[in-house]
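Peer 1: Have a look at this one.
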Amino acid sequence: MRLLTFKHGIHPDYHKWFTREKGIRKTDLPQMVVIPLKQHLGAICNPIVNKGDEVKVGQKLGDNDAFVSCPVHSSISGIVKSIGPYQHPGGDMVDSITIESDGKDEPFRAHRPPQDISTLQPDEIRNIIRETGIVGLGGAAFPTHVKLNPPKEKQINTVIINGAECEPYLTADHRLMLERSEDIIYGIKAVMKLLGVRKSYIGIEANKKDAIAVILKGLEKEKDADISVVSMKVKYPEGAEKMLIYAILKREVPAGGLPMDVGVVVQNVGTTIAIADAIQRSKPLIERVVTVTGLGVKRPGNLLVKIGTLFSDVIKECGGLKDGARKVLMGGPMMGIAQYSLQVPVVKGTSGIVVLVDDELKLEKTVPCIGCGNCVKACPMFLLPTRLASYTDHDMLDKADEYGILDCIECGSCVYVCPSKLHLVQLIRLGKAKILDKKRGKGVKK
Amino acid sequence: MGDIQLIISSSPHIRSEESIPKIMYSVIIALIPAIAASIFIFGVKALWLMVTCTVVSILTEYIFQKIRKKDVTTIDGSAALAGILLALTLPPGFPYTAAALGAIVAIALGKHIFGGLGYNIFNPALIGRAFLQAAFPVLITTWERPLAWLSEEVDAVTAATPLAMMKFDMKIESLSKMLTGNVGGSLGETSAVALLLGAAFLLYKGYIQWRIPAGIFTSVVIFGGIFWIIDPSKYPDPLFHILAGGMLIGAFFMATDMVTSPITYKGYWIFGIGIGILTIIIRLKGGLPEGVMYSILLMNAITPLINRYTRPRILGRK
């Protein structure tokens, strides 16, 4: 089979061997969880519990009526200890609810009984997805019910399920495809019914042949649903939404646009499982699979972690940190966020905790661009990263804008291949932020 | 566990092993066959010429950076590479002092006046060579017979280059001699086989863009070919153009200099095609027998312009 792919991109060392054979294991019940009221893109939730309240597993803790928002739920049973700002793995302080466990792991009773997509209307499916707090689990954490509610004029004709998992180190999606293929297929069917779409693709990188086989086998039983598995070339960032759509359908998402502009909705495999859990088992999104890995972790693995569990507790489950552990990332090494503390909670968008060691982190001196063009050949968006960074550096923001800086998806491919060790993405982010500020009329931040 | 010092920085958190010294030293390694061939063909004085240029280049860079109180970057290999490339463009009998002067000009005026590696507009080695061409027009066109050291005769050393023979004597050198380098010429431009060997290595490593030499050769074949078809008795065939003079070393090692060539795919082609056309014009119609050097320098000058007008179409844009 010819492998599908996009143009440009890079081939980093994948480091997936740490955890690819490690089955998903459940972590011990944490003694405490911290549930940020914002774990999604959009408006922050308002708390609907008070300090001192007793809460149960799956009980809603916060919600917001805004169009783009998503409720959060308790992942354990216990007492609300505090509500207030807490450090978020995204880097800032976010109002969060701290719950101390009572050790009982008691479920919340107010759940509706399990249902099935055959009897549900599209709106009902969407409502379940909203009420169970499901967001895109690939990392961006966009509220799923919003994604599945495109404006009338956007005709969706294809659903793409993202099983590429192109970030080095991460294997959570790989394990989910191996262990929970039935739920993935169920979730896809739910999304297809919701959107009235007849065609869907599951894109999986060819380094996960076993997962492809398992999903194909699962699909044998599904005669009436048009779901195809497509093998993707092993290349980063194959799993970036725009790359995936181009690779499979050869459609280009317009600049500044969304997949729905080309009739596509993309969902991560983990999200489809969350949808299946929500519909069949009435389960809100209160846990997720996190790949805990890297040379800095004693026992790497794929863990089913309660949302709100502190990074330190998760790492403890994996035998703790090794000597020399020096950088802890939420997410993979290409787009992950470096943490300054281990006291941050796992959130809905935490696909992995990657710990890098001293030896991997030599700080290399930056030297001027020599115009090698590596970044140009790597950029999957066909930008000129070195020019964008340089324009930002010289505060030539109009030029940067003209050269398409806002189209940058910050995948980091340019930085990876740069022989001058330039901080291209960091500069581009700065340039983007300044330009967006300017466009919003707030003036240029210094 | 909470007391370890964590490093925070912007993503991505991993980088490839690619580096500037790695690139520069790879190019130097790729030049080893050409260096060896020049020593074999012209004797040990070729080696001394190369050593002179290289050492003076490195020293010039060192002194320049010390004076300007900048970090000394001679270790990155770029000054050494410029020195070697300059030497390879010189005739074997060229005086060491003049060569040293060329190396100083190459590094000082070709590179550091602009701010050092990455900021220079022109290929430093070619700036040095252009200076020597202007300053020592006779010396730089005094060629030696190849493999003179094997011969019994002690004198009788001068020989014309294939291009000069073509231009001034209407004689075309044999292809086999030009392939092996058994012809008059500069140190590094004579042996096509040695240059191709190095070029293959760099292409394999991805350190040179195949589109640039491809553009040069395509336009040389087409443009030179037109002249040849019009009057084969007066103009040489395209293959001669490719094998003669500085065409190969220029196309593979000078025009592909990262700093002074474009960064876009379309730009590579335009840059290469431009060099090819200019070279043919200078060779066939100009006052000089060889035109590769000036062609590359001219195209260097418009590289920023090429980059500006050959931006790739951004994904999702018209």
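Ordered as shown in the structure tokens, chains take letters A, B, and onward, while each chain numbers its residues from 1 and ligands are numbered from 1 in the order shown.
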Pull out every residue of chain A that has at least one atom within 6 Å of chain B, counting only C-alpha atoms, and report them as number ranges by chain.
Peer 2: A: 252-255, 326-327, 333-335, 338, 340, 368-373, 381-382, 412, 416-417, 419
Peer 1: What are the DSSP strand (DSSP E) residues of segment 233-392 of chain A, as a ChimeraX atom specification?
Peer 2: /A:264-268,287-293,301-306,325-330,337-339,352-357
Peer 1: Do a neighbour search on segment 385-401 of chain A at 7 Å with only C-alpha atoms, toss out local chain neighbours closer than 4 positions, and write the hits as a short mmCIF file (atom, residue, chain, number, x, y, z; two decimals) with C-alpha atoms, in the first residue's frame.
Peer 2:
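Wrote it out as part_28.cif, contents follow:
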```cif
data_model
loop_
_atom_site.label_atom_id
_atom_site.label_comp_id
_atom_site.auth_asym_id
_atom_site.auth_seq_id
_atom_site.Cartn_x
_atom_site.Cartn_y
_atom_site.Cartn_z
CA CYS A 375 13.88 25.28 7.59
CA VAL A 376 12.28 26.09 4.25
CA ILE A 405 3.72 34.33 10.07
CA LEU A 406 0.15 33.78 11.28
CA CYS A 414 12.37 24.33 11.41
CA LEU A 424 12.89 30.17 15.24
CA LEU A 427 10.65 34.23 17.75
CA ILE A 428 7.74 33.38 15.48
CA GLY A 431 5.92 37.87 16.28
CA ILE A 435 0.79 41.08 15.40
#
```
Peer 1: Mind giving me the straight-line distance from atom CA of Trp210 of chain B to atom CA of Ile35 of chain B in Å, one decimal?
Peer 2: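 Distance between the two atoms: 22.1 Å.
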Peer 1: Which value, in Å to one decimal, gives the distance between atom CA of Phe136 of chain B and atom CA of Ala30 of chain B?
Peer 2: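 Between atom CA of Phe136 of chain B and atom CA of Ala30 of chain B the gap works out to 29.2 Å.
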Peer 1: Work out how far atom CA of Lys193 of chain A is from atom CA of Gln121 of chain A, in Å to one decimal.
Peer 2: 8.4 Å
